[in-house]
Amino acid sequence: MQQYIKNIIQASIDVKQQILADAELIGKIEQVTAIISKAFADGNKVLFCGNGGSAADAQHLAAEFSGRFYTDRDPLPSEALHCNSSYMTAVANDYGYDVVYSRIIKGMGKPGDVLVGLSTSGNSVNIINAMEQAKKIGMINVGLTGEAGGKMKAICDHLINVPSKDTPRIQESHIMIGHIICQLVEEQLFNK
């Protein structure tokens, strides 16, 4: 059993080592950091969406911005779009789950805002619909996916696709990448 546990840990490390060795992927993280920093500096907000574990990750990362990361600082306008359960259940019931995120984007998205969609497959219909709506408004779409990028690849302005097909390893890397972005954004905006 201990060796099996070590194998799982090693699999997570292996994915992160692939990210570490991928200059293009590191560049994408740097680019997204600059985009989010600019959005906040310009008075815009960053919205997150995901399903299941990716929804939990979306909420986690939104809280890092709206709460704090390392620095005791002013809050940054950021929210995970699934947190209003009355909204989610009403829209899912009345219109269908495929539009739960696109409908709220239509209501609260503004040009220059950033939408971060997390989907390990890149094929979540409700996130794709949200990104299509965000594009119409003039928002910037950032996707965090697995290796292939799925259908989100074609609609994302910026795609960070983790080099793995294994959902838990992808999600672990999404949090690592999200934490890096949160740390760098906070440093750029508040530690000048």
# chains A, B, ... in the order shown; residues from 1 in each chain; ligands from 1
$ residues_around --residues "A:Arg73" --least-positions-apart "3" --cutoff "12 Å" --atoms "only C-alpha atoms" --output "ChimeraX atom specification"
/A:64-70,76,186-187,189-191
$ residues_around --residues "A:Asp22" --least-positions-apart "4" --cutoff "12 Å" --atoms "only C-alpha atoms" --output "ChimeraX atom specification"
/A:15-18,26-29,160-163
$ write_last_selection --atoms "all heavy atoms" --output "short mmCIF file (atom, residue, chain, number, x, y, z; two decimals), in the first residue's frame"
data_model
loop_
_atom_site.label_atom_id
_atom_site.label_comp_id
_atom_site.auth_asym_id
_atom_site.auth_seq_id
_atom_site.Cartn_x
_atom_site.Cartn_y
_atom_site.Cartn_z
N VAL A 15 3.63 15.25 -13.46
CA VAL A 15 2.88 16.25 -14.23
C VAL A 15 3.46 17.63 -13.97
O VAL A 15 3.66 18.42 -14.90
CB VAL A 15 1.37 16.20 -13.91
CG1 VAL A 15 0.62 17.36 -14.57
CG2 VAL A 15 0.77 14.87 -14.34
N LYS A 16 3.74 17.93 -12.73
CA LYS A 16 4.29 19.25 -12.39
C LYS A 16 5.67 19.45 -13.00
O LYS A 16 6.03 20.55 -13.42
CB LYS A 16 4.28 19.43 -10.88
CG LYS A 16 2.86 19.55 -10.33
CD LYS A 16 2.87 19.67 -8.81
CE LYS A 16 1.47 19.86 -8.27
NZ LYS A 16 0.71 18.62 -8.19
N GLN A 17 6.47 18.37 -13.08
CA GLN A 17 7.78 18.48 -13.72
C GLN A 17 7.64 18.76 -15.21
O GLN A 17 8.44 19.50 -15.78
CB GLN A 17 8.62 17.23 -13.47
CG GLN A 17 9.15 17.16 -12.04
CD GLN A 17 9.98 15.93 -11.76
OE1 GLN A 17 9.73 14.85 -12.29
NE2 GLN A 17 10.98 16.09 -10.91
N GLN A 18 6.61 18.18 -15.84
CA GLN A 18 6.36 18.48 -17.26
C GLN A 18 5.99 19.95 -17.44
O GLN A 18 6.44 20.59 -18.40
CB GLN A 18 5.23 17.59 -17.79
CG GLN A 18 5.61 16.15 -17.98
CD GLN A 18 4.42 15.35 -18.49
OE1 GLN A 18 3.92 15.61 -19.57
NE2 GLN A 18 3.97 14.39 -17.69
N ILE A 26 4.73 27.86 -19.28
CA ILE A 26 5.13 28.87 -18.28
C ILE A 26 4.83 30.27 -18.82
O ILE A 26 4.35 31.15 -18.11
CB ILE A 26 6.63 28.73 -17.91
CG1 ILE A 26 6.92 27.34 -17.29
CG2 ILE A 26 7.08 29.85 -16.98
CD1 ILE A 26 6.27 27.06 -15.96
N GLY A 27 5.08 30.47 -20.11
CA GLY A 27 4.77 31.75 -20.74
C GLY A 27 3.29 32.07 -20.72
O GLY A 27 2.90 33.22 -20.54
N LYS A 28 2.46 31.03 -20.92
CA LYS A 28 1.00 31.24 -20.85
C LYS A 28 0.58 31.66 -19.44
O LYS A 28 -0.29 32.54 -19.29
CB LYS A 28 0.26 29.96 -21.24
CG LYS A 28 0.36 29.61 -22.71
CD LYS A 28 -0.36 28.29 -22.98
CE LYS A 28 -0.23 27.84 -24.41
NZ LYS A 28 -0.91 26.54 -24.63
N ILE A 29 1.17 31.07 -18.42
CA ILE A 29 0.86 31.45 -17.04
C ILE A 29 1.25 32.90 -16.80
O ILE A 29 0.49 33.68 -16.20
CB ILE A 29 1.56 30.50 -16.04
CG1 ILE A 29 1.01 29.07 -16.18
CG2 ILE A 29 1.42 31.00 -14.60
CD1 ILE A 29 1.82 27.99 -15.46
N ILE A 160 -4.61 27.39 -20.79
CA ILE A 160 -3.56 26.72 -20.03
C ILE A 160 -3.99 25.27 -19.91
O ILE A 160 -4.88 24.93 -19.13
CB ILE A 160 -3.38 27.37 -18.63
CG1 ILE A 160 -2.94 28.83 -18.78
CG2 ILE A 160 -2.37 26.57 -17.81
CD1 ILE A 160 -2.88 29.60 -17.48
N ASN A 161 -3.39 24.42 -20.75
CA ASN A 161 -3.78 23.01 -20.75
C ASN A 161 -2.69 22.17 -20.11
O ASN A 161 -1.58 22.06 -20.62
CB ASN A 161 -4.17 22.53 -22.16
CG ASN A 161 -3.15 22.87 -23.22
OD1 ASN A 161 -2.50 23.90 -23.17
ND2 ASN A 161 -3.00 21.99 -24.19
N VAL A 162 -3.03 21.59 -18.98
CA VAL A 162 -2.12 20.77 -18.18
C VAL A 162 -1.81 19.48 -18.94
O VAL A 162 -2.73 18.82 -19.45
CB VAL A 162 -2.76 20.47 -16.80
CG1 VAL A 162 -1.95 19.44 -16.03
CG2 VAL A 162 -2.91 21.76 -16.00
N PRO A 163 -0.54 19.09 -19.03
CA PRO A 163 -0.16 17.92 -19.82
C PRO A 163 -0.50 16.59 -19.13
O PRO A 163 0.39 15.83 -18.72
CB PRO A 163 1.36 18.09 -19.99
CG PRO A 163 1.78 18.85 -18.77
CD PRO A 163 0.62 19.77 -18.45
#
$ residues_around --residues "A:Asn141" --least-positions-apart "4" --cutoff "6 Å" --atoms "only C-alpha atoms" --output "list in words"
Leu115, Cys156 and Asp157 of chain A
$ closest_residue --among "A:Asn123, A:Ala90, A:Cys49, A:Cys83" --to "A:Ser102" --atoms "only C-alpha atoms"
A:Cys49
$ closest_residue --among "A:Glu172, A:Asp74, A:Glu79, A:Glu147" --to "A:Lys45" --atoms "only C-alpha atoms"
A:Glu79
